[in-house]
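The structure appears below as structure tokens.
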Amino acid sequence: MTLGSRLSALGLTVACVLLFAIVLAAQSAPDRSKPPSLGPVPQLKLPAIQKRALSNGVPVWVIEAHEVPLVQVTLVLKSGSSDDPADKYGLASLTAAMLDEGAGSRSALEIADEIDFLGADLGTSSSFDASAVRLGVPVARLSQALSVMADVALRPTFPDAELERVRQERLTDLLQARDDAATVAPMAFARQLFGPSHRYGTGAIGTATTIKGLTTSDLKSFHAAAYQPANATLIVVGDLTADSVMPQLEKQFGSWRAGSTAPGHTTVPMAPQPAQRQIVLVDMPGAEQSQVRIGWVGVPRSAPDYFPLQVLNTILGGSFTSRLNQNLRETHGYSYGASSRFDMRLSAGPFFAGAGVQTDKTAEALREFFNELTAIGKPIPADELTKAKNYVAFGFPSNFETIGDFSAQIEQQIVYGLPDSYYADYVKNIQAVTAEAVAKTAATYIQPQRFLVVVVGDRKAIEPGIRALNLGMVRTMSVQEALGE
Amino acid sequence: MRRRILLILLALFTVPLGAQTPAPLQVPYQQFKLANGLNVILHRDTSIPVVAVNMWYYVGSANEKPGRTGFAHLFEHLMFEGSKHVPEGRFDILLEGAGGDNNGSTSNDRTNYVIDVPSNALELALFLESDRMGYLLDTMTPQRVDGQRDVVKNERRQSYENRPYGMASIEIDKMLWPATHPYSWPTIGYMEDLTAASHSDVVEFFKKYYAPNNASLVVAGDIDFDRTRALVEKWFGEITRGTAVEPVAPPAAILTGVQKKTLTDKVTLPRLYLAWLTPRFYAPGDAALDVTSSVLAGGKNSRLYKRLVYDMQIAQDVSAYQQSGALGSQFQIVATARTGHTAAELLKVIDEELDRLRREGPQPREVQRAINQMEASFYQRMERVGSFGGKADQLNAYAFAGGGPDYFAEDLARYTSLSPSDIQSASVRWLPVDRRVEVVVEPEEKK
């Protein structure tokens, strides 16, 4: 046995590194006739969530993780793009993006310089359901970074010049998105499925028209309404104790006061399902691959059959050995990879299966997609069900490896109101999923005869083959038409 | 000067807040070698009950021969398709059934395979990894090669042909390196070479490069040292040593002037690429160029970002990076013009800034800012055991580079010891205005 000895000179050959190696005799051949059996499954022991609160009532959830001298502090607000007013799509997203463009007495450049100099990472972002400010920093520099974070979250100034700059960046992002079939496909799918007047039909960033219309006063109103103590939770994961971090948080966030009105939340309505199958072919002349998305309105995060759905999707398109990937990649070689997912939000987001497939096999690939989407309605073989359950259940610990992973899990718990027992019960809940439950969710949520099909590709090359499949009505459109502007 | 910077940083990091962590930038390990030449590195980390099995083969696209570009990567795909005691498809099924994940990647210099499993499945992972090292060819067929050939061609279509600006990097590599230098061709390979790859190529390649004496195995995570060592000996000990692999002997790579090219693509905005040949990984200048990339394009206050994107707003984005390799490196600056602006405008400003950096060097704060960020990234890398870039992968990367597996602290010291004058010297020496590649991607004319 040798413990690592460090050689400081580089450029040595690998053989030289092994000066201290012990040479071992070759062993007799092991029995390879069957795979080694697995021992008992290890239990994940998560550190406790310590729940505290600031004097103004803001809950603080602290998880101690002492492996690496880093900490992540997340301020999560339960407002997001779903709360965008009808003519102001993109407001939540732009508000989050503008938080670090000037705050308190600091300018945009000063904020960036200070954070970068501390070796910290300060991110501001939003989803449909929440907004968040996330600070990752070496634990010894937390107090300095925390004061910048508090300015950014609580006291943004939204300077006009920075707003115009970020607005132009976002308009250019939208313009560039149209170059890429893999970006156009999910945007076009959402637009065609939910329509222009449902919030989920447009990306969080909004449209060119709405982005152009957003004003400083819009940002200030959204910030005043959404970024309030009653709407907030602080999450701390890292190499410190609750007792040591609470005074620092109190100092930076404790005097934060409620606004004039309580935070309100918009409930996004459940969108109607398509009545029948339809195909939208979005033309990208000369494309070498077609980007395919097939599906309809899925389920909200609160779906009572959440666990059977996890297992169902793992079998269908949620893992490497899933049916879609095996068929389209391994059996037919039409694609580098195929997958499916339920995008679960507070309301029902999209369910879709998708892949990039080679242009000259687009119709063949669509046929295989529908073969699998149909076959998933038949009884699932027991070993396939067990494999999927084990994959989801036993892979659960890897969701907690880094402080960022752990924080993300806690964010989900807060935004979707999951119980504290969620983590301890997760493996049990997956293991309890029955074949009947999976069959029921498949029958309810996978109805390929009513799915929307969006194909972004070279129309001239793929339209005849797609029409010949007789899947349903085919509409063809330009990228511009598919995205609505 | 150098020492002072180092001490300040150490002081910042040695203030524990209630934590009983040992010196954190240390990854204790055991290393030994099997009789067949397989290098083995073990590291214990019990923070979650997961084990990473990470195998590096010292072969990459640099080992390919002309006419068979892309072969190292195509071969990597075949490693997941079954071996003598693992029928086709079972590799992934067995691992997923145990709650594990796996992947592989190919670069110019090496091919790596990662398996991350709950700790009870360690032996399963070693069985699978050893079977494809010892018995891959027993069940290899031309049909398997055909199947993965189609997949890889679709990988190329997805990542290059059908991705905006996707073909630029292939063109840049061709222009930077001499035609006989193996970095001149893309790791993904040329389509016609992928078409030409055959079953007999697979046999030859496996016998030449996939021997235990050309590989290094890291097992890291929630393990017991003695038991793991015994299991590694059990599963890998019987595999026969191969003949030694000759190191790649590339021709000298020197740019003698400016090479320019304009490409067209189905894109809306023009993009400019500048590329230089720079020192190989860990050689003098390599770390300084990493910091230079941050001074130029890391964050809002970096020189190019601030001028092009923040102040003038003639660019949508700008990035800079040192892409380090075993046989040499390249430094790239990439910027995309805003609507109504041109690559030539971007080039003019970039050259003004490069000229200023060469003449005046950076301010101490710019360098320290970059070093502090680099340092934080080292700690972030210590958080994950498995997957690409986790501790297991990094132990193998350092072993491959020749500094010993636990080279973390020394690697960080390469950065913390840098001064502004080091950055200035690197920009003068390695980023000259008159020896580089300039590629512009222009939007195709609308028909």
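Residue numbering restarts at 1 for every chain of the structure tokens, chains are lettered A, B, ... in their displayed order, and ligands are numbered from 1 as they appear.
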Shell around Gly104 of chain B at 12 Å using only C-alpha atoms, local window under 6 positions removed, as a list in words
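Non-adjacent residues within range: Val53, Asn54, Met55, Trp56, Tyr57, Ala72, His73, Leu74, Phe75, Glu76, His77, Leu78, Met79, Phe80, Arg110, Thr111, Asn112, Tyr113, Val114, Ile115, Asp116, Glu129, Ser387, Phe388, Gly389 and Asp393 of chain B.
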Would you mind listing what lies within 7 Å of segment 369-381 of chain A as an MDAnalysis selection string, with only C-alpha atoms counted and same-chain residues fewer than 6 positions away left out?
chainID A and resid 316 323:324 435 439 442:443 446 448
Expected file: the selected residues, C-alpha atoms, as a PDB file, in the first residue's frame:
```pdb
ATOM      1  CA  LEU A 316     -40.878   5.534 -22.172  1.00  0.00           C
ATOM      2  CA  ARG A 323     -38.009   2.490 -25.259  1.00  0.00           C
ATOM      3  CA  LEU A 324     -37.765   5.656 -27.341  1.00  0.00           C
ATOM      4  CA  ALA A 435     -47.948  -2.234 -12.806  1.00  0.00           C
ATOM      5  CA  ALA A 439     -50.905   1.242 -16.875  1.00  0.00           C
ATOM      6  CA  ALA A 442     -50.222   5.529 -19.486  1.00  0.00           C
ATOM      7  CA  ALA A 443     -53.862   5.239 -20.492  1.00  0.00           C
ATOM      8  CA  ILE A 446     -50.343   9.055 -23.273  1.00  0.00           C
ATOM      9  CA  PRO A 448     -51.102   9.440 -29.208  1.00  0.00           C
TER      10      PRO A 448
END
```
All helix (DSSP H, G or I) positions in segment 250-476 of chain A, as a CSV table (one decimal) with N, CA and C atoms, in the first residue's frame:
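File written: result.csv
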```
chain,number,residue,atom,x,y,z
A,250,GLU,N,-29.9,37.9,9.4
A,250,GLU,CA,-30.7,38.9,10.1
A,250,GLU,C,-30.2,40.3,9.7
A,251,LYS,N,-28.9,40.5,9.7
A,251,LYS,CA,-28.3,41.8,9.4
A,251,LYS,C,-28.7,42.2,8.0
A,252,GLN,N,-28.7,41.3,7.1
A,252,GLN,CA,-28.9,41.7,5.7
A,252,GLN,C,-30.4,41.7,5.3
A,253,PHE,N,-31.1,40.7,5.8
A,253,PHE,CA,-32.5,40.6,5.4
A,253,PHE,C,-33.6,40.8,6.5
A,306,TYR,N,-47.9,11.3,-9.3
A,306,TYR,CA,-46.6,11.8,-9.5
A,306,TYR,C,-45.6,10.6,-9.6
A,307,PHE,N,-45.7,9.7,-8.6
A,307,PHE,CA,-44.7,8.6,-8.6
A,307,PHE,C,-44.8,7.6,-9.8
A,308,PRO,N,-46.1,7.1,-10.0
A,308,PRO,CA,-46.3,6.3,-11.2
A,308,PRO,C,-45.8,7.0,-12.5
A,309,LEU,N,-46.0,8.3,-12.6
A,309,LEU,CA,-45.6,9.1,-13.8
A,309,LEU,C,-44.1,9.1,-13.9
A,310,GLN,N,-43.3,9.2,-12.8
A,310,GLN,CA,-41.9,9.1,-12.9
A,310,GLN,C,-41.4,7.8,-13.5
A,311,VAL,N,-42.1,6.7,-13.0
A,311,VAL,CA,-41.7,5.4,-13.5
A,311,VAL,C,-42.1,5.2,-15.0
A,312,LEU,N,-43.3,5.7,-15.3
A,312,LEU,CA,-43.8,5.6,-16.7
A,312,LEU,C,-42.9,6.3,-17.6
A,313,ASN,N,-42.5,7.5,-17.3
A,313,ASN,CA,-41.7,8.3,-18.2
A,313,ASN,C,-40.2,7.7,-18.3
A,314,THR,N,-39.8,7.1,-17.2
A,314,THR,CA,-38.4,6.5,-17.3
A,314,THR,C,-38.5,5.3,-18.3
A,315,ILE,N,-39.6,4.6,-18.3
A,315,ILE,CA,-39.7,3.5,-19.2
A,315,ILE,C,-39.8,4.0,-20.7
A,316,LEU,N,-40.6,5.0,-20.8
A,316,LEU,CA,-40.9,5.5,-22.2
A,316,LEU,C,-39.7,6.3,-22.8
A,323,ARG,N,-37.6,3.0,-24.0
A,323,ARG,CA,-38.0,2.5,-25.3
A,323,ARG,C,-37.7,3.4,-26.4
A,324,LEU,N,-38.0,4.7,-26.2
A,324,LEU,CA,-37.8,5.7,-27.3
A,324,LEU,C,-36.3,5.7,-27.7
A,325,ASN,N,-35.4,5.8,-26.8
A,325,ASN,CA,-34.0,5.9,-27.1
A,325,ASN,C,-33.5,4.5,-27.7
A,326,GLN,N,-33.9,3.4,-27.2
A,326,GLN,CA,-33.5,2.1,-27.7
A,326,GLN,C,-34.0,2.0,-29.2
A,327,ASN,N,-35.2,2.4,-29.4
A,327,ASN,CA,-35.7,2.3,-30.8
A,327,ASN,C,-35.1,3.2,-31.7
A,328,LEU,N,-35.1,4.5,-31.4
A,328,LEU,CA,-34.7,5.5,-32.4
A,328,LEU,C,-33.1,5.5,-32.6
A,329,ARG,N,-32.4,5.3,-31.5
A,329,ARG,CA,-31.0,5.3,-31.5
A,329,ARG,C,-30.4,4.0,-31.8
A,330,GLU,N,-30.6,3.1,-30.8
A,330,GLU,CA,-29.9,1.8,-30.9
A,330,GLU,C,-30.4,0.9,-32.0
A,331,THR,N,-31.7,0.7,-32.1
A,331,THR,CA,-32.2,-0.2,-33.1
A,331,THR,C,-32.2,0.4,-34.5
A,359,THR,N,-32.6,13.9,-41.7
A,359,THR,CA,-33.6,14.4,-42.6
A,359,THR,C,-34.3,13.3,-43.4
A,360,ASP,N,-33.4,12.4,-44.0
A,360,ASP,CA,-34.0,11.4,-44.9
A,360,ASP,C,-34.7,10.2,-44.2
A,361,LYS,N,-34.7,10.3,-42.8
A,361,LYS,CA,-35.4,9.2,-42.1
A,361,LYS,C,-36.5,9.8,-41.2
A,362,THR,N,-36.9,11.0,-41.6
A,362,THR,CA,-37.9,11.7,-40.7
A,362,THR,C,-39.2,11.0,-40.6
A,363,ALA,N,-39.8,10.5,-41.7
A,363,ALA,CA,-41.1,9.9,-41.7
A,363,ALA,C,-40.9,8.5,-40.9
A,364,GLU,N,-39.8,7.8,-41.2
A,364,GLU,CA,-39.6,6.5,-40.5
A,364,GLU,C,-39.5,6.7,-39.0
A,365,ALA,N,-38.8,7.8,-38.6
A,365,ALA,CA,-38.7,8.1,-37.2
A,365,ALA,C,-40.0,8.4,-36.6
A,366,LEU,N,-40.8,9.2,-37.3
A,366,LEU,CA,-42.2,9.5,-36.7
A,366,LEU,C,-43.0,8.2,-36.5
A,367,ARG,N,-42.9,7.3,-37.5
A,367,ARG,CA,-43.6,6.1,-37.4
A,367,ARG,C,-43.2,5.3,-36.1
A,368,GLU,N,-41.8,5.3,-35.9
A,368,GLU,CA,-41.3,4.6,-34.7
A,368,GLU,C,-41.8,5.3,-33.4
A,369,PHE,N,-41.8,6.6,-33.4
A,369,PHE,CA,-42.3,7.4,-32.2
A,369,PHE,C,-43.7,6.9,-31.9
A,370,PHE,N,-44.5,6.8,-32.9
A,370,PHE,CA,-45.9,6.5,-32.6
A,370,PHE,C,-46.1,5.0,-32.3
A,371,ASN,N,-45.2,4.2,-32.8
A,371,ASN,CA,-45.2,2.8,-32.4
A,371,ASN,C,-45.0,2.7,-30.9
A,372,GLU,N,-44.0,3.4,-30.4
A,372,GLU,CA,-43.7,3.4,-29.0
A,372,GLU,C,-44.7,4.0,-28.1
A,373,LEU,N,-45.2,5.2,-28.6
A,373,LEU,CA,-46.3,5.9,-27.8
A,373,LEU,C,-47.5,5.0,-27.7
A,374,THR,N,-47.8,4.2,-28.7
A,374,THR,CA,-48.9,3.3,-28.7
A,374,THR,C,-48.6,2.1,-27.8
A,375,ALA,N,-47.4,1.5,-27.9
A,375,ALA,CA,-47.1,0.3,-27.2
A,375,ALA,C,-47.0,0.5,-25.7
A,382,ALA,N,-42.6,-7.3,-16.3
A,382,ALA,CA,-42.2,-7.1,-14.9
A,382,ALA,C,-40.8,-6.6,-14.7
A,383,ASP,N,-39.9,-7.2,-15.5
A,383,ASP,CA,-38.5,-6.9,-15.3
A,383,ASP,C,-38.2,-5.5,-15.8
A,384,GLU,N,-38.9,-5.0,-16.8
A,384,GLU,CA,-38.7,-3.6,-17.3
A,384,GLU,C,-39.2,-2.7,-16.2
A,385,LEU,N,-40.3,-3.0,-15.6
A,385,LEU,CA,-40.9,-2.2,-14.5
A,385,LEU,C,-39.9,-2.1,-13.3
A,386,THR,N,-39.4,-3.2,-13.0
A,386,THR,CA,-38.4,-3.3,-11.8
A,386,THR,C,-37.2,-2.4,-12.1
A,387,LYS,N,-36.7,-2.6,-13.3
A,387,LYS,CA,-35.5,-1.8,-13.7
A,387,LYS,C,-35.7,-0.4,-13.6
A,388,ALA,N,-36.9,0.1,-14.1
A,388,ALA,CA,-37.2,1.5,-14.1
A,388,ALA,C,-37.3,2.0,-12.6
A,389,LYS,N,-38.0,1.3,-11.8
A,389,LYS,CA,-38.2,1.7,-10.4
A,389,LYS,C,-36.9,1.8,-9.7
A,390,ASN,N,-36.0,0.8,-9.9
A,390,ASN,CA,-34.7,0.8,-9.3
A,390,ASN,C,-33.9,1.9,-9.7
A,391,TYR,N,-33.9,2.2,-11.0
A,391,TYR,CA,-33.1,3.3,-11.6
A,391,TYR,C,-33.5,4.6,-10.9
A,392,VAL,N,-34.8,4.9,-10.8
A,392,VAL,CA,-35.3,6.1,-10.2
A,392,VAL,C,-35.0,6.1,-8.7
A,393,ALA,N,-35.3,5.0,-8.0
A,393,ALA,CA,-35.2,5.0,-6.5
A,393,ALA,C,-33.8,5.0,-6.1
A,394,PHE,N,-33.0,4.1,-6.6
A,394,PHE,CA,-31.6,3.9,-6.1
A,394,PHE,C,-30.7,5.0,-6.6
A,396,PHE,N,-31.6,8.1,-6.5
A,396,PHE,CA,-32.0,9.3,-5.8
A,396,PHE,C,-30.9,10.0,-5.0
A,397,PRO,N,-29.9,9.3,-4.3
A,397,PRO,CA,-28.9,10.0,-3.5
A,397,PRO,C,-28.1,10.9,-4.4
A,398,SER,N,-27.9,10.7,-5.7
A,398,SER,CA,-27.0,11.5,-6.4
A,398,SER,C,-27.6,12.9,-6.6
A,399,ASN,N,-28.9,13.1,-6.3
A,399,ASN,CA,-29.5,14.4,-6.3
A,399,ASN,C,-29.1,15.3,-5.2
A,400,PHE,N,-28.2,14.8,-4.3
A,400,PHE,CA,-27.8,15.6,-3.1
A,400,PHE,C,-26.3,15.7,-3.0
A,403,ILE,N,-23.7,21.1,-3.0
A,403,ILE,CA,-24.6,22.0,-2.2
A,403,ILE,C,-25.6,22.7,-3.2
A,404,GLY,N,-25.2,22.8,-4.5
A,404,GLY,CA,-26.1,23.3,-5.5
A,404,GLY,C,-27.3,22.3,-5.8
A,405,ASP,N,-26.9,21.0,-5.8
A,405,ASP,CA,-27.9,20.0,-6.0
A,405,ASP,C,-28.9,20.0,-4.9
A,406,PHE,N,-28.4,20.1,-3.7
A,406,PHE,CA,-29.2,20.0,-2.5
A,406,PHE,C,-30.1,21.2,-2.4
A,407,SER,N,-29.6,22.4,-2.7
A,407,SER,CA,-30.4,23.6,-2.7
A,407,SER,C,-31.5,23.5,-3.7
A,408,ALA,N,-31.2,23.0,-4.9
A,408,ALA,CA,-32.2,22.9,-5.9
A,408,ALA,C,-33.4,22.0,-5.4
A,409,GLN,N,-33.1,20.9,-4.7
A,409,GLN,CA,-34.1,20.0,-4.2
A,409,GLN,C,-35.0,20.8,-3.2
A,410,ILE,N,-34.4,21.6,-2.3
A,410,ILE,CA,-35.1,22.3,-1.3
A,410,ILE,C,-36.0,23.4,-2.0
A,411,GLU,N,-35.4,24.0,-3.0
A,411,GLU,CA,-36.2,25.0,-3.8
A,411,GLU,C,-37.5,24.4,-4.3
A,412,GLN,N,-37.4,23.2,-4.8
A,412,GLN,CA,-38.6,22.5,-5.4
A,412,GLN,C,-39.6,22.2,-4.2
A,413,GLN,N,-39.1,21.8,-3.1
A,413,GLN,CA,-39.9,21.5,-2.0
A,413,GLN,C,-40.7,22.7,-1.6
A,414,ILE,N,-40.1,23.9,-1.6
A,414,ILE,CA,-40.7,25.1,-1.2
A,414,ILE,C,-41.7,25.6,-2.2
A,415,VAL,N,-41.3,25.6,-3.4
A,415,VAL,CA,-42.2,26.2,-4.5
A,415,VAL,C,-43.4,25.3,-4.7
A,422,TYR,N,-40.9,14.1,2.3
A,422,TYR,CA,-40.8,13.8,0.9
A,422,TYR,C,-39.5,13.0,0.6
A,423,TYR,N,-38.4,13.5,1.2
A,423,TYR,CA,-37.1,12.8,0.9
A,423,TYR,C,-37.0,11.4,1.5
A,424,ALA,N,-37.4,11.4,2.8
A,424,ALA,CA,-37.3,10.1,3.5
A,424,ALA,C,-38.2,9.0,2.8
A,425,ASP,N,-39.4,9.5,2.2
A,425,ASP,CA,-40.4,8.6,1.7
A,425,ASP,C,-40.2,8.3,0.2
A,426,TYR,N,-39.2,9.0,-0.4
A,426,TYR,CA,-39.1,9.0,-1.9
A,426,TYR,C,-38.9,7.5,-2.4
A,427,VAL,N,-37.9,6.9,-1.9
A,427,VAL,CA,-37.6,5.5,-2.4
A,427,VAL,C,-38.8,4.6,-2.1
A,428,LYS,N,-39.4,4.7,-1.0
A,428,LYS,CA,-40.5,3.8,-0.6
A,428,LYS,C,-41.7,4.1,-1.6
A,429,ASN,N,-41.9,5.4,-1.9
A,429,ASN,CA,-43.0,5.7,-2.8
A,429,ASN,C,-42.8,5.2,-4.3
A,430,ILE,N,-41.5,5.3,-4.7
A,430,ILE,CA,-41.2,4.7,-6.0
A,430,ILE,C,-41.4,3.2,-6.0
A,431,GLN,N,-40.9,2.6,-5.0
A,431,GLN,CA,-41.0,1.1,-4.9
A,431,GLN,C,-42.4,0.6,-4.8
A,435,ALA,N,-47.7,-2.1,-11.4
A,435,ALA,CA,-47.9,-2.2,-12.8
A,435,ALA,C,-49.3,-1.6,-13.2
A,436,GLU,N,-50.3,-1.8,-12.3
A,436,GLU,CA,-51.6,-1.3,-12.6
A,436,GLU,C,-51.6,0.3,-12.6
A,437,ALA,N,-50.8,0.8,-11.6
A,437,ALA,CA,-50.7,2.3,-11.6
A,437,ALA,C,-50.1,2.9,-12.8
A,438,VAL,N,-49.0,2.2,-13.3
A,438,VAL,CA,-48.3,2.7,-14.5
A,438,VAL,C,-49.3,2.5,-15.7
A,439,ALA,N,-50.0,1.4,-15.8
A,439,ALA,CA,-50.9,1.2,-16.9
A,439,ALA,C,-52.0,2.3,-16.9
A,440,LYS,N,-52.4,2.7,-15.7
A,440,LYS,CA,-53.5,3.7,-15.6
A,440,LYS,C,-52.9,5.1,-16.0
A,441,THR,N,-51.7,5.4,-15.6
A,441,THR,CA,-51.2,6.7,-16.0
A,441,THR,C,-50.9,6.7,-17.5
A,442,ALA,N,-50.5,5.6,-18.0
A,442,ALA,CA,-50.2,5.5,-19.5
A,442,ALA,C,-51.5,5.8,-20.2
A,443,ALA,N,-52.6,5.1,-19.8
A,443,ALA,CA,-53.9,5.2,-20.5
A,443,ALA,C,-54.4,6.7,-20.4
A,444,THR,N,-54.1,7.3,-19.3
A,444,THR,CA,-54.7,8.7,-19.1
A,444,THR,C,-53.8,9.7,-19.8
A,445,TYR,N,-52.5,9.6,-19.7
A,445,TYR,CA,-51.7,10.7,-20.1
A,445,TYR,C,-51.0,10.5,-21.4
A,448,PRO,N,-51.8,9.0,-28.0
A,448,PRO,CA,-51.1,9.4,-29.2
A,448,PRO,C,-52.1,9.9,-30.3
A,449,GLN,N,-53.3,9.3,-30.3
A,449,GLN,CA,-54.2,9.7,-31.4
A,449,GLN,C,-54.6,11.2,-31.2
A,450,ARG,N,-54.3,11.8,-30.1
A,450,ARG,CA,-54.7,13.2,-29.9
A,450,ARG,C,-53.4,14.1,-29.8
A,459,ARG,N,-38.5,21.3,-45.3
A,459,ARG,CA,-39.9,20.9,-45.7
A,459,ARG,C,-39.9,20.1,-47.1
A,460,LYS,N,-39.1,20.7,-48.0
A,460,LYS,CA,-39.1,20.1,-49.3
A,460,LYS,C,-38.7,18.6,-49.2
A,461,ALA,N,-37.7,18.3,-48.4
A,461,ALA,CA,-37.3,16.9,-48.3
A,461,ALA,C,-38.2,16.0,-47.4
A,462,ILE,N,-38.9,16.6,-46.5
A,462,ILE,CA,-39.6,15.7,-45.5
A,462,ILE,C,-41.1,15.7,-45.7
A,463,GLU,N,-41.7,16.7,-46.4
A,463,GLU,CA,-43.1,16.8,-46.4
A,463,GLU,C,-43.8,15.6,-47.0
A,464,PRO,N,-43.3,15.1,-48.2
A,464,PRO,CA,-44.1,14.0,-48.8
A,464,PRO,C,-44.1,12.8,-47.9
A,465,GLY,N,-43.0,12.4,-47.3
A,465,GLY,CA,-43.0,11.3,-46.4
A,465,GLY,C,-43.9,11.4,-45.2
A,466,ILE,N,-43.9,12.6,-44.7
A,466,ILE,CA,-44.8,12.9,-43.5
A,466,ILE,C,-46.3,12.8,-43.9
A,467,ARG,N,-46.6,13.3,-45.0
A,467,ARG,CA,-48.0,13.3,-45.5
A,467,ARG,C,-48.4,11.8,-45.7
A,468,ALA,N,-47.5,11.0,-46.3
A,468,ALA,CA,-47.8,9.6,-46.6
A,468,ALA,C,-48.1,8.8,-45.4
```
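DSSP on the backbone gives strand (DSSP E or B) for these parts of segment 83-176 of chain B: Ser83, Val86, Asp101, Asn102, Asn103, Gly104, Ser105, Thr106, Thr111, Asn112, Tyr113, Val114, Ile115, Asp116, Val117 and Pro118 of chain B.
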What's the 7 Å shell around segment 203-209 of chain B, counting only C-alpha atoms, without same-chain residues fewer than 4 positions away, as number ranges by chain?
B: 59, 137, 199, 214, 245
Based on the selection just made, write C-alpha atoms of those residues as a PDB file, in the first residue's frame.
```pdb
ATOM      1  CA  VAL B  59      -5.958   6.886 -26.790  1.00  0.00           C
ATOM      2  CA  LEU B 137     -14.003  -8.546 -29.498  1.00  0.00           C
ATOM      3  CA  HIS B 199     -14.974  -4.308 -38.297  1.00  0.00           C
ATOM      4  CA  ASN B 214      -2.553   1.679 -21.608  1.00  0.00           C
ATOM      5  CA  VAL B 245       1.861   1.981 -27.207  1.00  0.00           C
TER       6      VAL B 245
END
```
Contacts of Gln276 of chain A at 12 Å or less, counting only C-alpha atoms, minus same-chain residues fewer than 6 places along, as a list in words?
Leu193, Gly295, Trp296, Gln447, Pro448, Gln449, Arg450, Phe451, Leu452, Val453, Leu471, Gly472, Met473 and Val474 of chain A
Could you please take those selected residues and save C-alpha atoms as a PDB file, in the first residue's frame?
```pdb
ATOM      1  CA  LEU A 193     -50.159  23.597 -28.066  1.00  0.00           C
ATOM      2  CA  GLY A 295     -47.165  15.406 -27.096  1.00  0.00           C
ATOM      3  CA  TRP A 296     -49.873  17.419 -25.443  1.00  0.00           C
ATOM      4  CA  GLN A 447     -53.029   9.286 -25.945  1.00  0.00           C
ATOM      5  CA  PRO A 448     -51.102   9.440 -29.208  1.00  0.00           C
ATOM      6  CA  GLN A 449     -54.226   9.732 -31.357  1.00  0.00           C
ATOM      7  CA  ARG A 450     -54.659  13.237 -29.938  1.00  0.00           C
ATOM      8  CA  PHE A 451     -51.044  14.374 -29.868  1.00  0.00           C
ATOM      9  CA  LEU A 452     -49.651  17.467 -31.477  1.00  0.00           C
ATOM     10  CA  VAL A 453     -46.644  16.766 -33.697  1.00  0.00           C
ATOM     11  CA  LEU A 471     -51.132  10.797 -39.137  1.00  0.00           C
ATOM     12  CA  GLY A 472     -53.620  13.641 -39.396  1.00  0.00           C
ATOM     13  CA  MET A 473     -53.974  17.133 -40.748  1.00  0.00           C
ATOM     14  CA  VAL A 474     -50.629  18.621 -41.802  1.00  0.00           C
TER      15      VAL A 474
END
```
Once you count only C-alpha atoms, which residues of chain B turn out to be within 6 Å of chain A? Could you give them as a ChimeraX atom specification?
/B:17-18,29-30,32-35,96-97,99,120-121,124,150-151,154-155,162,237-238,267,369,372-373,376,383,402-404
Would you pick out the contacts of Gln330 of chain B at 6 Å or less, using only C-alpha atoms, so that residues sharing its chain but fewer than 2 positions from it are not included, and give the list as an mmCIF file with N, CA and C atoms, in the first residue's frame?
```cif
data_model
loop_
_atom_site.group_PDB
_atom_site.id
_atom_site.type_symbol
_atom_site.label_atom_id
_atom_site.label_comp_id
_atom_site.auth_asym_id
_atom_site.auth_seq_id
_atom_site.Cartn_x
_atom_site.Cartn_y
_atom_site.Cartn_z
ATOM 1 N N TRP B 276 -5.083 31.098 -31.865
ATOM 2 C CA TRP B 276 -3.615 31.050 -31.822
ATOM 3 C C TRP B 276 -3.158 29.684 -31.328
ATOM 4 N N LEU B 277 -1.970 29.267 -31.733
ATOM 5 C CA LEU B 277 -1.346 28.069 -31.166
ATOM 6 C C LEU B 277 -0.650 28.467 -29.866
ATOM 7 N N THR B 278 -0.880 27.695 -28.816
ATOM 8 C CA THR B 278 -0.359 28.072 -27.493
ATOM 9 C C THR B 278 0.228 26.847 -26.787
ATOM 10 N N GLN B 322 -8.560 29.174 -23.279
ATOM 11 C CA GLN B 322 -7.381 28.384 -23.605
ATOM 12 C C GLN B 322 -7.827 26.927 -23.591
ATOM 13 N N GLN B 323 -7.794 26.277 -24.742
ATOM 14 C CA GLN B 323 -8.192 24.868 -24.835
ATOM 15 C C GLN B 323 -6.921 24.030 -24.838
#
```
Just want the 10 Å neighbourhood of Thr342 of chain B, counted on only C-alpha atoms, with same-chain residues fewer than 5 positions away dropped. Output as a list of chain:residue names.
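That gives B:Leu269, B:Pro270, B:Arg271, B:Leu272, B:Ile314, B:Ala315, B:Thr336, B:Ala337, B:Leu347, B:Val440, B:Glu442.
The spacing separating atom CA of Gln148 of chain B from atom CA of Asn102 of chain B amounts to 17.1 Å.
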Determine, counting only C-alpha atoms, which protein, DNA and RNA residues have an atom within 8 Å of an atom of Ile63 of chain A; residues of the same chain fewer than 6 positions away are not included. Present the result as a PyMOL selection string.
chain A and resi 47-50+236-238+242
